Amino acid sequence: MYNHKVVEQKWQKYWAKNQTFKTGSDPKKKTYYVLDMFPFPSGKGLHVGHPEGYTATDIVARMKRSQGYNVLHPMGWDAFGLPTEQYALQTGQDPAVVTQENIVNFKRQLNKLGFSYDWDREISTADPKFYKWTQWTFEQMYKHDLAYEAGVPVNWSPDLGTVVANEDIVDGKTERGGYPIYRRNMKQWVLRITKYADRLLAGLDKLDWPENIKEMQRNWIGRSVGAQVTFQVKDSAEAFDVFTTRPDTLFGASYAVLAPESKLVAKITTAGHQTEVEEYIKQIESKSDLERTDLNKTKTGVFTGAYAINPVNNEEIPIWIADYVLASYGTGAVMAVPAHDTRDYEFAQKFNLPIKAVIEGGDISQEAFTGDGCHINSEFLNGLNVEDAKQSIVEWLEDHHVGQKKVNYKLRDWDFSRQRYWGEPIPVIHWEDGETTLVPEDELPLVLPHATDIKPSGTPESPLVNLKDWVNVVDKNGRKGKRETNTMPNWAGSSWYFLRYIDPHNDHQLADLDKLKQWLPVDLYIGGAEHAVRHLLYARFWNMVLYDLGVVPNEEPFQRLYNQGLILKNHEKMSKSKGNVVNPDDVIDDYGADSLRMYEMFMGPLDASIDWDDNGPASTKKFLDRVWRLLVNDLDLKAIPQTNIVSENDGVLDKVYHETVKKVTEDFDSLHFNTAISQLMVFINAAQKVKLIPREYAEGFITLMAPIAPHMMEEIWQVFGHAESVTFAKWPTYDPAKLVESTVDIMVQVNGKLRGNFDAPKDSTQNELQKQALALPHVQKFLAGKEVKKVIVVPNKIVNIVAK
Ligand code: ANZ
């Protein structure tokens with residue numbers, strides 16, 4: 001009887017002791033870097049969702065080792081940041097201690113699943129040896145004007161006690177916890193990711209990533225091409241620019257709108273409108289951007305009393321302020337063309353502003369017409385379609401120095417300060433004379449000091465501000481300074497951790513360039529789709545910065561990306577609060593890690609979200625037990641190969657075996673694990689039917705199956721007499737010639753009725769088939785006393801005998 005508890009432990013010990021999964025370094029071999037998104041070592045431990053992606057990468061890593069690659073398959077911990085800190089606060093513990101405990105537990109759980117990580121390369125983002133290089137990179141960014149401090153409107157979450165980045169906001173709320181966000185002006189460290197907008201966009205085209213993720217990144221970067229047009233304010237020296245994607249509609253502009261936050265508002269508002277304008281501004285302060293730009297909400301706004309001059313026809317148009325215009329996009333001002341823009345249309349309707357058609361089409365008494373058509377009421381643009389009119393008007397604007405072509409991005413610079421304790425200290429000192437300096441490189445890492453009170457202060461300062469000894473510094477000339485107390489977001493370490501795995505113990509540099517060249521880009525990266533526009537965008541940016549610094553050899557870090565689906569319980573995401581979490585420890589105890597791994601890969605396509613079935617692991621265990629019984633005879637407690645394993649090959653299993661090798665290899669490469677497993681089952685069914693299984697095929701099967709069920713396959717491999725781990729068994733190859741059927745089933749009819757069948761070598765001659773058909777005893781019975789008049793043979797199919 002196969003005992004998963006004993007066997008799984010045995011091999012896990014063996015692998016650890018023999019360092020079976022140490023990263024290969026044979027210079028003659030090709031390299032393969034297969035990466036998991038590393039976990040937050042939360043207090044909850046692993047749930048069965050984790051092993052889904054981790055098993056997928058493990059299968060590929062194991063196959064690639066067998067195929068003769070040097071494989072890098074590392075694991076580490078995304079240990080800094082809110083999740084750990086919140087857990088520490090809730091349980092009244094030190095985050096450093098909690099992190100350590102959680103890591104120990106996660107590692108224990110991962111090992112129980114039999115994953116083939118090279119633990120010598122384990123990293124933690126909260127380890128000073130690691131974050132030294134996070135801080136170092138920040139310093140390089142500062143030196144290259146890619147990190148700067150600015151008083152910017154930020155997303156403040158009172159509940160989390162910190163600012164969060166735009167990327168941390170989902171549906172207007174914090175992604176973590178779902179708390180409301182308020183706009184607040186705060187001094188922040190910001191990373192100039194916008195400088196890389198075009199490269200981040202262009203790079204996507206070359207990547208083997210799911211199209212939806214690329215599209216999400218494109219939308220997030222949000223490149224739009226249009227024009228910037230300058231409007232003078234009537235009877236004033238002031239002017240403002242608007243950004244428009246439809247400069248062709250300039251003749252239809254019937255009013256202008258400034259974002260309420262615009263500095264210009266105070267300057268141009270006329271005395272009569274002052275009170276109303278101020279009241280409006282106050283009222284919108286607490287609204288999120290999402291609420292403000294929601295298409296469905298009723299438009300609000302007030303008139304400033306001032307007018308702007310439309311540069312194309314000198315028409316005077318009223319200047320309003322309204323919250324649907326955001327200060328943070330474009331120029332924070334728009335020209336409104338209600339006839340051809342839906343939001344403007346609604347606004348104009350509500351406030352009785354003129355609606356002037358400049359493109360033919362639609363019925364503007366009912367709604368804005370946003371389609372293409374012939375321009376009208378537009379002087380020199382009349383008769384042109386939208387595209388041509390855009391070109392003409394931009395030329396005109398440039399000729400008259402009142403505007404130019406302009407490209408705008410939705411992407412904002414990355415808010416990089418967090419007012420929390422559990423993160424990398426930002427290595428900066430603010431001096432009393434106003435100077436800001438970096439902590440000298442040779443003093444890095446700037447270690448996070450131990451603190452007992454880590455509660456967020458609710459102010460723009462992090463709890464580090466209370467550690468006076470740490471905060472206050474004096475330079476050698478007696479100048480006093482204070483350390484920056486904000487910390488980095490947890491997206492900092494995760495933006496580059498995959499580089500450190502390549503050279504994890506390097507004390508002199510982030511990683512050795514030659515080693516990076518050897519391994520990068522990552523060949524396969526698997527993780528959850530929830531990281532589409534945070535981690536994956538930040539990591540690409542961070543990597544591009546390091547590329548420009550000459551630190552890394554590739555502009556793009558992840559060549560191939562795949563997102564695993566969610567494992568659901570009763571169609572819901574598993575979560576502790578819903579009480580529907582399945583703990584892999586329990587499943588492993590009952591059925592073994594191999595059964596769990598196999599079940600998760602067999603549930604369905606890797607990218608599908610599928611309901612967990614409590615009976616699933618039991619059914620894969622049943623299959624594995626069948627495999628064991630078919631290949632191993634352990635009845636006399638002395639496990640040896642079954643007597644049906646033979647050295648000679650009678651050819652009966654040729655076709656199904658070679659098909660299995662082909663399908664499993666291709667499916668593993670394309671990450672179609674469920675269909676690979678089906679094929680392995682087909683092979684076992686076929687093998688069970690025949691009396692003799694060629695040893696070569698049994699061993700080929702073990703090698704193919706080992707990535708899925710490594711413990712049992714190691715054990716069988718040993719039973720088959722191998723002294724070495726199955727990890728390095730040569731991956732089987734298939735012979736295309738054997739994929740075709742070598743024998744065919746021939747039907748025999750007598751006078752149109754089916755009377756028998758027989759196997760014949762494929763493409764046998766008509767004569768041979770006729771001879772064999774006539775010789776069948778059952779057929780002879782029906783021919784008794786009759787004379788064969790005619791025999792019709794359809795090659796490879798049928799022999800039809802006509803007799804009287
Ligand atoms: C006039 C116009 C006429 C516009 C028309 C559209 C249609 P995307 O594609 O998102 O870049 N806009 C510009 N800045 C804005 C801001 N800060 N807040 C809110 N809206 C703003 O859209 C750009 C368009 O959104 C711009 O083109 C502008 O309205 C508006 F028939 O200008 B348009």
# chains A, B, ... in the order shown; residues from 1 in each chain; ligands from 1
>>> residues_around(residues="Asp667 (chain A)", least_positions_apart="6", cutoff="8 Å", atoms="only C-alpha atoms", output="list in words")
Phe673, Thr675 and Ala676 of chain A
>>> residues_around(residues="Val750 (chain A)", least_positions_apart="4", cutoff="7 Å", atoms="only C-alpha atoms", output="list in words")
Leu754, Arg755, Asn800, Ile801 and Val802 of chain A
>>> closest_residue(among="A:Phe701, A:Phe369, A:Tyr69, A:Trp209", to="ligand 1", atoms="only C-alpha atoms and all ligand atoms")
A:Phe369
>>> residues_near_ligand(ligand="ligand 1", cutoff="8 Å", atoms="only C-alpha atoms and all ligand atoms", output="PyMOL selection string")
chain A and resi 222-226+242-247+249-250+253+259+293+324-342+370+408-410
>>> write_last_selection(atoms="N, CA and C atoms", output="CSV table (one decimal), in the first residue's frame")
chain,number,residue,atom,x,y,z
A,222,GLY,N,-2.9,55.3,-20.6
A,222,GLY,CA,-3.9,56.3,-21.1
A,222,GLY,C,-3.3,57.3,-22.0
A,223,ARG,N,-2.6,56.9,-23.1
A,223,ARG,CA,-2.1,57.9,-24.0
A,223,ARG,C,-3.2,58.5,-24.8
A,224,SER,N,-3.4,59.8,-24.9
A,224,SER,CA,-4.3,60.4,-25.8
A,224,SER,C,-3.7,61.6,-26.6
A,225,VAL,N,-3.9,61.5,-27.8
A,225,VAL,CA,-3.3,62.5,-28.7
A,225,VAL,C,-4.4,63.6,-29.0
A,226,GLY,N,-4.0,64.8,-28.9
A,226,GLY,CA,-4.9,65.9,-29.2
A,226,GLY,C,-4.1,67.2,-29.3
A,242,VAL,N,-6.2,74.7,-22.6
A,242,VAL,CA,-7.1,73.5,-22.5
A,242,VAL,C,-6.4,72.4,-23.2
A,243,PHE,N,-6.7,71.2,-22.7
A,243,PHE,CA,-6.3,70.0,-23.5
A,243,PHE,C,-7.6,69.4,-24.1
A,244,THR,N,-7.5,69.2,-25.4
A,244,THR,CA,-8.7,68.6,-26.1
A,244,THR,C,-8.2,67.5,-27.1
A,245,THR,N,-9.0,66.4,-27.1
A,245,THR,CA,-8.7,65.4,-28.1
A,245,THR,C,-9.5,65.7,-29.4
A,246,ARG,N,-10.3,66.7,-29.3
A,246,ARG,CA,-11.1,67.1,-30.5
A,246,ARG,C,-10.9,68.6,-30.9
A,247,PRO,N,-9.7,69.0,-31.2
A,247,PRO,CA,-9.5,70.4,-31.6
A,247,PRO,C,-10.3,70.8,-32.8
A,249,THR,N,-13.3,70.5,-33.2
A,249,THR,CA,-14.6,71.1,-32.8
A,249,THR,C,-14.5,72.5,-32.2
A,250,LEU,N,-13.3,73.1,-32.3
A,250,LEU,CA,-13.1,74.4,-31.7
A,250,LEU,C,-14.2,75.4,-32.0
A,253,ALA,N,-17.1,75.4,-29.6
A,253,ALA,CA,-16.9,75.6,-28.1
A,253,ALA,C,-17.9,76.7,-27.7
A,259,ALA,N,-11.1,73.4,-13.6
A,259,ALA,CA,-11.2,72.6,-12.4
A,259,ALA,C,-11.3,73.5,-11.3
A,293,THR,N,-16.2,62.2,-11.7
A,293,THR,CA,-16.2,62.0,-13.2
A,293,THR,C,-17.2,61.0,-13.6
A,324,TYR,N,-16.6,68.1,-12.8
A,324,TYR,CA,-16.3,67.0,-13.8
A,324,TYR,C,-15.0,67.3,-14.5
A,325,VAL,N,-14.4,68.4,-14.3
A,325,VAL,CA,-13.1,68.7,-14.8
A,325,VAL,C,-12.1,68.5,-13.7
A,326,LEU,N,-11.1,67.6,-13.9
A,326,LEU,CA,-10.2,67.2,-12.9
A,326,LEU,C,-8.9,68.1,-13.0
A,327,ALA,N,-8.4,68.5,-11.8
A,327,ALA,CA,-7.2,69.3,-11.8
A,327,ALA,C,-6.0,68.5,-12.2
A,328,SER,N,-6.1,67.2,-12.1
A,328,SER,CA,-4.9,66.3,-12.3
A,328,SER,C,-4.8,65.8,-13.7
A,329,TYR,N,-5.7,66.1,-14.6
A,329,TYR,CA,-5.5,65.6,-15.9
A,329,TYR,C,-5.4,66.7,-16.9
A,330,GLY,N,-4.6,66.5,-17.9
A,330,GLY,CA,-4.4,67.5,-19.0
A,330,GLY,C,-3.9,68.8,-18.4
A,331,THR,N,-4.6,69.9,-18.7
A,331,THR,CA,-4.3,71.2,-18.1
A,331,THR,C,-5.2,71.6,-17.0
A,332,GLY,N,-6.2,70.7,-16.7
A,332,GLY,CA,-7.1,71.1,-15.6
A,332,GLY,C,-8.1,72.1,-16.1
A,333,ALA,N,-8.2,72.2,-17.4
A,333,ALA,CA,-9.2,73.1,-18.0
A,333,ALA,C,-9.7,72.5,-19.3
A,334,VAL,N,-11.0,72.7,-19.7
A,334,VAL,CA,-11.5,72.2,-21.0
A,334,VAL,C,-12.2,73.3,-21.7
A,335,MET,N,-12.2,73.2,-23.0
A,335,MET,CA,-13.2,73.9,-23.8
A,335,MET,C,-14.4,73.0,-24.0
A,336,ALA,N,-15.6,73.5,-23.7
A,336,ALA,CA,-16.7,72.6,-23.8
A,336,ALA,C,-17.5,72.7,-25.1
A,337,VAL,N,-17.7,71.6,-25.7
A,337,VAL,CA,-18.4,71.5,-27.0
A,337,VAL,C,-19.6,70.6,-26.8
A,338,PRO,N,-20.7,71.2,-26.3
A,338,PRO,CA,-21.8,70.4,-25.9
A,338,PRO,C,-22.4,69.6,-27.1
A,339,ALA,N,-22.3,70.1,-28.3
A,339,ALA,CA,-23.0,69.4,-29.4
A,339,ALA,C,-22.3,68.1,-29.7
A,340,HIS,N,-21.0,67.9,-29.2
A,340,HIS,CA,-20.3,66.7,-29.6
A,340,HIS,C,-19.6,66.0,-28.5
A,341,ASP,N,-19.9,66.4,-27.3
A,341,ASP,CA,-19.4,65.7,-26.1
A,341,ASP,C,-20.5,65.5,-25.1
A,342,THR,N,-20.6,64.3,-24.6
A,342,THR,CA,-21.8,63.9,-23.8
A,342,THR,C,-21.8,64.6,-22.5
A,370,THR,N,-21.3,62.2,-31.3
A,370,THR,CA,-19.9,62.0,-31.1
A,370,THR,C,-19.2,61.3,-32.3
A,408,ASN,N,-1.1,63.5,-24.2
A,408,ASN,CA,-1.4,63.4,-22.8
A,408,ASN,C,-1.5,62.0,-22.2
A,409,TYR,N,-1.2,61.9,-21.0
A,409,TYR,CA,-1.2,60.5,-20.4
A,409,TYR,C,-2.1,60.6,-19.1
A,410,LYS,N,-2.8,59.5,-18.9
A,410,LYS,CA,-3.6,59.4,-17.7
A,410,LYS,C,-2.7,59.0,-16.5
>>> residues_around(residues="region 147-162 of chain A", least_positions_apart="3", cutoff="6 Å", atoms="only C-alpha atoms", output="PDB file with C-alpha atoms, in the first residue's frame")
ATOM      1  CA  MET A 141      16.506  57.673  -8.972  1.00  0.00           C
ATOM      2  CA  TYR A 142      16.923  60.799  -6.848  1.00  0.00           C
ATOM      3  CA  ILE A 181     -10.104  58.123  -0.144  1.00  0.00           C
ATOM      4  CA  TYR A 182      -9.862  61.862   0.281  1.00  0.00           C
ATOM      5  CA  ARG A 183      -7.817  64.327  -1.706  1.00  0.00           C
ATOM      6  CA  ARG A 184      -5.296  66.099   0.426  1.00  0.00           C
ATOM      7  CA  ASN A 185      -2.315  68.248  -0.409  1.00  0.00           C
ATOM      8  CA  MET A 186       0.749  66.706   1.152  1.00  0.00           C
ATOM      9  CA  LYS A 187       4.469  66.774   0.690  1.00  0.00           C
ATOM     10  CA  GLN A 188       5.364  63.424  -0.778  1.00  0.00           C
ATOM     11  CA  TRP A 189       8.144  61.518  -2.404  1.00  0.00           C
ATOM     12  CA  VAL A 190       7.092  60.806  -5.952  1.00  0.00           C
ATOM     13  CA  LEU A 191       8.719  58.661  -8.650  1.00  0.00           C
ATOM     14  CA  ARG A 418       3.708  55.919   3.182  1.00  0.00           C
ATOM     15  CA  GLN A 419       2.991  57.269   6.634  1.00  0.00           C
ATOM     16  CA  PRO A 456      -0.284  55.294  12.469  1.00  0.00           C
ATOM     17  CA  GLY A 458      -2.932  60.095  11.437  1.00  0.00           C
TER      18      GLY A 458
END
>>> residues_around(residues="Gly527 (chain A)", least_positions_apart="6", cutoff="10 Å", atoms="only C-alpha atoms", output="PyMOL selection string")
chain A and resi 35-39+50+52-54+57+561-565
>>> residues_around(residues="Glu600 (chain A)", least_positions_apart="6", cutoff="9 Å", atoms="only C-alpha atoms", output="ChimeraX atom specification")
/A:48-49,51-52,55,567,606,612,616-617,674
>>> select_by_dssp(residues="region 127-165 of chain A", states="strand (DSSP E or B)", output="PyMOL selection string")
chain A and resi 147-157+162-164
>>> write_last_selection(atoms="N, CA and C atoms", output="tab-separated table (two decimals), in the first residue's frame")
chain	number	residue	atom	x	y	z
A	147	ALA	N	13.24	60.69	-8.71
A	147	ALA	CA	12.54	60.71	-7.43
A	147	ALA	C	12.59	62.15	-6.96
A	148	TYR	N	11.45	62.70	-6.64
A	148	TYR	CA	11.42	64.09	-6.20
A	148	TYR	C	10.36	64.26	-5.13
A	149	GLU	N	10.53	65.34	-4.37
A	149	GLU	CA	9.56	65.63	-3.32
A	149	GLU	C	8.66	66.73	-3.82
A	150	ALA	N	7.36	66.54	-3.65
A	150	ALA	CA	6.45	67.56	-4.16
A	150	ALA	C	5.24	67.67	-3.26
A	151	GLY	N	4.70	68.87	-3.17
A	151	GLY	CA	3.42	69.06	-2.48
A	151	GLY	C	2.35	68.78	-3.50
A	152	VAL	N	1.80	67.58	-3.43
A	152	VAL	CA	0.85	67.19	-4.48
A	152	VAL	C	-0.46	66.75	-3.85
A	153	PRO	N	-1.53	66.86	-4.61
A	153	PRO	CA	-2.79	66.32	-4.09
A	153	PRO	C	-2.67	64.79	-4.08
A	154	VAL	N	-2.84	64.20	-2.92
A	154	VAL	CA	-2.65	62.75	-2.80
A	154	VAL	C	-3.94	62.08	-2.34
A	155	ASN	N	-3.93	60.76	-2.41
A	155	ASN	CA	-5.07	59.97	-1.95
A	155	ASN	C	-4.86	59.60	-0.50
A	156	TRP	N	-5.57	60.28	0.37
A	156	TRP	CA	-5.37	60.05	1.80
A	156	TRP	C	-6.44	59.09	2.31
A	157	SER	N	-5.99	58.05	3.01
A	157	SER	CA	-6.94	57.14	3.63
A	157	SER	C	-6.82	57.26	5.14
A	162	THR	N	-2.60	56.42	5.94
A	162	THR	CA	-1.52	56.65	4.99
A	162	THR	C	-2.09	57.10	3.66
A	163	VAL	N	-1.18	57.68	2.88
A	163	VAL	CA	-1.46	57.96	1.49
A	163	VAL	C	-1.33	56.67	0.72
A	164	VAL	N	-2.14	56.48	-0.30
A	164	VAL	CA	-1.92	55.35	-1.19
A	164	VAL	C	-1.82	55.86	-2.62
>>> closest_residue(among="A:Glu85, A:Glu572, A:Glu461, A:Glu316", to="Phe251 (chain A)", atoms="only C-alpha atoms")
A:Glu316
>>> atom_distance(atom1="CA of Lys790 (chain A)", atom2="CA of Pro761 (chain A)")
23.4 Å
>>> closest_residue(among="A:Tyr497, A:Thr620, A:Trp11, A:Phe40", to="Trp717 (chain A)", atoms="only C-alpha atoms")
A:Trp11
>>> atom_distance(atom1="CA of Thr643 (chain A)", atom2="CA of Glu8 (chain A)")
25.3 Å
>>> residues_around(residues="Arg192 (chain A)", least_positions_apart="5", cutoff="7 Å", atoms="only C-alpha atoms", output="list in words")
Leu146, Ala147, Asp413 and Trp414 of chain A
>>> write_last_selection(atoms="C-alpha atoms", output="short mmCIF file (atom, residue, chain, number, x, y, z; two decimals), in the first residue's frame")
data_model
loop_
_atom_site.label_atom_id
_atom_site.label_comp_id
_atom_site.auth_asym_id
_atom_site.auth_seq_id
_atom_site.Cartn_x
_atom_site.Cartn_y
_atom_site.Cartn_z
CA LEU A 146 13.40 60.38 -11.13
CA ALA A 147 12.54 60.71 -7.43
CA ASP A 413 3.79 59.94 -11.16
CA TRP A 414 3.97 57.30 -8.47
#
>>> residues_around(residues="Lys517 (chain A)", least_positions_apart="2", cutoff="12 Å", atoms="only C-alpha atoms", output="list in words")
Thr31, Tyr33, Leu499, Ile502, Asp503, Ala511, Asp512, Leu513, Asp514, Lys515, Trp519, Leu520, Pro521, Val522, Tyr547, Gly550, Val551, Val552, Pro553, Asn554, Glu555 and Pro557 of chain A
>>> select_by_dssp(residues="region 537-711 of chain A", states="helix (DSSP H, G or I)", output="VMD selection string")
chain A and resid 537 to 548 576 to 578 584 to 591 593 to 602 616 to 631 654 to 669 673 to 689 695 to 705 710 to 711
>>> closest_residue(among="A:Ile359, A:Met1, A:Gln679, A:Val545", to="Leu637 (chain A)", atoms="only C-alpha atoms")
A:Met1
>>> atom_distance(atom1="CA of Lys621 (chain A)", atom2="CA of Ile59 (chain A)")
18.0 Å
>>> closest_residue(among="A:Phe80, A:Phe623, A:Tyr179, A:Tyr2", to="Trp422 (chain A)", atoms="only C-alpha atoms")
A:Phe80
